[in-house]
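Report on one structure; see the data block that follows.
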Amino acid sequence: MRKFASAFSGAEIQAVCGGEFRGGEHLRFSSVADPADAAADSVVFWEQDRWFEAVRDSQAGLVICLPDQARLLPGRNLLIHPRPGFAMLKLVSWWLESSAKKPPPGIHPTAVVGPGAEIGADAHIGAFCLLGPNCRIGAGAIIEAHCAIGPQTTVGKNTWLYPRVTLYPGCVVGEACIIHSGAVLGADGFGFALEDGIQQKIPQVGNVVIGDRVEIGANSTVDRGTLGSTSVGDGTKIDNLVQIGHNCRIGRHCILCAQVGLAGSTILGDYVYMAGKAGSAGHLSIGDRAMVGAQGGVTHDLPADGLYWGTPAIKASVYKRILAIQRKLPELYGHYLRQNKTEED
Amino acid sequence: MRKFASAFSGAEIQAVCGGEFRGGEHLRFSSVADPADAAADSVVFWEQDRWFEAVRDSQAGLVICLPDQARLLPGRNLLIHPRPGFAMLKLVSWWLESSAKKPPPGIHPTAVVGPGAEIGADAHIGAFCLLGPNCRIGAGAIIEAHCAIGPQTTVGKNTWLYPRVTLYPGCVVGEACIIHSGAVLGADGFGFALEDGIQQKIPQVGNVVIGDRVEIGANSTVDRGTLGSTSVGDGTKIDNLVQIGHNCRIGRHCILCAQVGLAGSTILGDYVYMAGKAGSAGHLSIGDRAMVGAQGGVTHDLPADGLYWGTPAIKASVYKRILAIQRKLPELYGHYLRQNKTEED
Amino acid sequence: MRKFASAFSGAEIQAVCGGEFRGGEHLRFSSVADPADAAADSVVFWEQDRWFEAVRDSQAGLVICLPDQARLLPGRNLLIHPRPGFAMLKLVSWWLESSAKKPPPGIHPTAVVGPGAEIGADAHIGAFCLLGPNCRIGAGAIIEAHCAIGPQTTVGKNTWLYPRVTLYPGCVVGEACIIHSGAVLGADGFGFALEDGIQQKIPQVGNVVIGDRVEIGANSTVDRGTLGSTSVGDGTKIDNLVQIGHNCRIGRHCILCAQVGLAGSTILGDYVYMAGKAGSAGHLSIGDRAMVGAQGGVTHDLPADGLYWGTPAIKASVYKRILAIQRKLPELYGHYLRQNKTEED
């Protein structure tokens, strides 16, 4: 349950979310919750049939539900809405804007700011931050505690770095991004050449360029390019513990779930979806809107628009057919053994 | 080898561990070691037969061994014990308590403590820690250097946070937990809705609730719930680089090995074991005491008590049978080709 | 593109890299780039045929190419070289040495240094570092901001720790290593014994010992040994988000790609190569020069020199044959069904 600082009536909530409020005018609501945790001042939403009992038994004061679910909740205060989940999203977003406190503007006295750093209006620089020489922090940006912002880096307007983010020298982060705690952008790409029995390091002198409205999860890593840039397009969302190798070029509005790994020089189009733990060999392309299933391993170029699974990743429909027949292998093998025996007889 | 500050006689060690000491009364021991690294003041233990040569050739001053192993080590100082590994565990635990130095109580002068923070008696707050407003740190807790403890968080009594742990606002950690360096609790769950070509962020306003005696490994991540809590039950142990998605509910005394990943809303019972790199799709349940093999991928509910492997995870015994037959596929396919050819002739 | 502080003529570049310069004497070059990003002052290299169009259309002022590629680039300034990629490596390395600025020697005034710490000549200790009692930092070492260096640790000469590295007490890092941001060395190994329904912690009192010239990637974790050491041999290179379990012993000059995981007590020989996301069960050995393919899972000892893939990992040639036949399973199964039907008739 999340309690907010301010309370609102059903009519006010209807004005924010749309839909139709049916319930007491005097009631005030000030929290959102899962049904099981809800209190009398909580708003919950109901969309999928299987949540029915949880919603019915909930203490929630207000239920956002579909029109044809209303009759199943007699006597409850309802906001009837064609898309209850979306209505909840609007409600929480609006509540957050109206009541959540952002870190205040200003540079914490413990922060260390290098010469030539430019810090935009209203930016927040948290405790124990180190900002390197000549870095540029956009207006309204929030850099929380313990961030290490290298020299010659750029952080765009309204971008939010949670505590303990590292930007190596020369990296560029766009506007309105969210980078979660522990993420590391710009560490050396992993390139070595075996010479005379020694893994000789190939210098990594490129950088990382992140577009606008990108989100990067906790403890994820994006390596700098060898000579050029590793890039992530506008609107792409990256979950926790994801690895992006050097020289990758990721398009716009992609979704990379937790523990995905892209080897060096992988090219992703726009709206690519990679499920949890999926991976890609390097030096290949994945087309727009392609989807790769969980734990899938991409070993060659994938065209646009398909759904792929397995290692090596192939069309998911074919892979599922193969998986189903694998379950029959004991039967198939038994038949083969009997047949072989018959032939020998 | 680990050298301790104090030395003890065989009789004293027998008093701690149980078993029967056979050796010189005047001897003193002050370290524990693997057999290969042991010195004359070292205690080692021997349990599995295959370690015999390493133990026999070791410089160790004292060997903890099984009763029927004693005759194989003539002339050595022995602690004869029915469970040598367990005896060693007791010895090391006792030695640590008697000689290892915990960080001292008190707040390091460089730490920044927000208004309204409550810090329990004898707690240690390390260098460069940031404690947010209204956080509560229990008595005897140890918060090592560079931790970022958000506002309105709670850390229970005697819990130990190693350096560089992040707790996002509102997270709750129970008593006697151990959270290793780099762990991030409470980052936003990974939820987006594609609207008009944009991945619109679904606000994540829940929190993380960790029970008592939980251990969380280095650089692991536990995301906050969307509306409610992501929870980890008492006594559960989580290894390094593990990802726990939003709204997961993990039971008590579970073991999640390194690089495990749970997608959102996974429910784990008690005593669930997930081996290294295993994963789970979201919105499903894994029953009490179920075990999932390494790299396994759970795609549907699993009942209690079984052993599962593969992706999609099935009964391990069935999966192993299928794996064995897969190894015969070239033979099976060759037979099919020959047969097909015969039919064509 | 990476711009350097100093510019050089073609003749000077020839002197550094070898090969034969053909072009204007008056020209000066001051950057390296990928062909697509190159400017008139940029050096690029061309080795693989498929890059031809990108190189031809590039704005690059100087192209390092193979002898028989020269005629395809009429009118361009060239450095003709038998190994263009290697020439570029030498050029960038030399440029870095001559113009890149290392953090300056000295201890930042915000750093906290414990009693008994020994800091070598010309070492750099960055902002907000915590150096524990009795740690030893070698001459020329660079410890960037926010590092937490435990008591009784050793960091060798000329080793570079990027921001936010944690060394737990007693860990040893050799000379000329590179440890990237967020890496954690020495967290407790993951060992528990189920006693009376409780996962009782097995104390982890060993340490981590890293050899010379080792590189460890961002957010990787190497656990301390239970009694002895977890060790990594000279010259081994470890990518991002890699997990090394307790008591592992990794040889020299190995390559462990991103998201690799080694369970406890894995022994690796020299020159072992593990591709991305590969894993190993514990208590086994992988021989010198063995290679494990991406996502492979090693479940038993592997001899030296082979190439292995799959889970359980087997000879890659055999595994590829099995994968190819798996693609034919629908055909094989269809045949089986028809045959069965015939037999029933």
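Going through the structure tokens in order, the chains are called A, B, and so on, while each chain numbers its residues from 1 and the ligands are numbered from 1 in the order shown.
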Note to self: Applying 12 Å and only C-alpha atoms, which residues near Gly170 in chain C remain after dropping the ones on its own chain fewer than 3 positions away? List them as a PyMOL selection string.
What the structure shows: (chain B and resi 1-3) or (chain C and resi 132-136+149-155+166-167+173+185-187+205-210+224-225+228-230)
Which residues of chain B sit at most 7 Å from chain A, using only C-alpha atoms? Give each one's shortest atom pair and distance in Å (one decimal place), in chain and ascending residue order, as CSV.
```
residue,atom,partner,partner_atom,distance
B:Phe128,CA,A:Phe128,CA,6.9
B:Ala148,CA,A:Pro163,CA,6.7
B:Gly182,CA,A:Gly182,CA,6.9
B:Val184,CA,A:Ser181,CA,6.7
B:Ala187,CA,A:His180,CA,6.6
B:Phe190,CA,A:Asp239,CA,6.2
B:Ile198,CA,A:His253,CA,6.6
B:Gln199,CA,A:His253,CA,6.2
B:Ile202,CA,A:Leu89,CA,6.0
B:Pro203,CA,A:Ser93,CA,6.3
B:Val205,CA,A:Arg2,CA,6.0
B:Gly206,CA,A:Arg2,CA,5.8
B:Asn219,CA,A:Asn219,CA,6.7
B:Thr221,CA,A:Ala218,CA,6.8
B:Leu227,CA,A:Ala33,CA,5.0
B:Gly228,CA,A:Met1,CA,4.8
B:Ile322,CA,A:Leu329,CA,6.3
B:Ile325,CA,A:Leu329,CA,6.8
```
Next item on the list: Report the residues of range 49-278 of chain A whose backbone DSSP state falls under helix (DSSP H, G or I), written as a PyMOL selection string.
Entry: chain A and resi 49-56+67-72+84-99
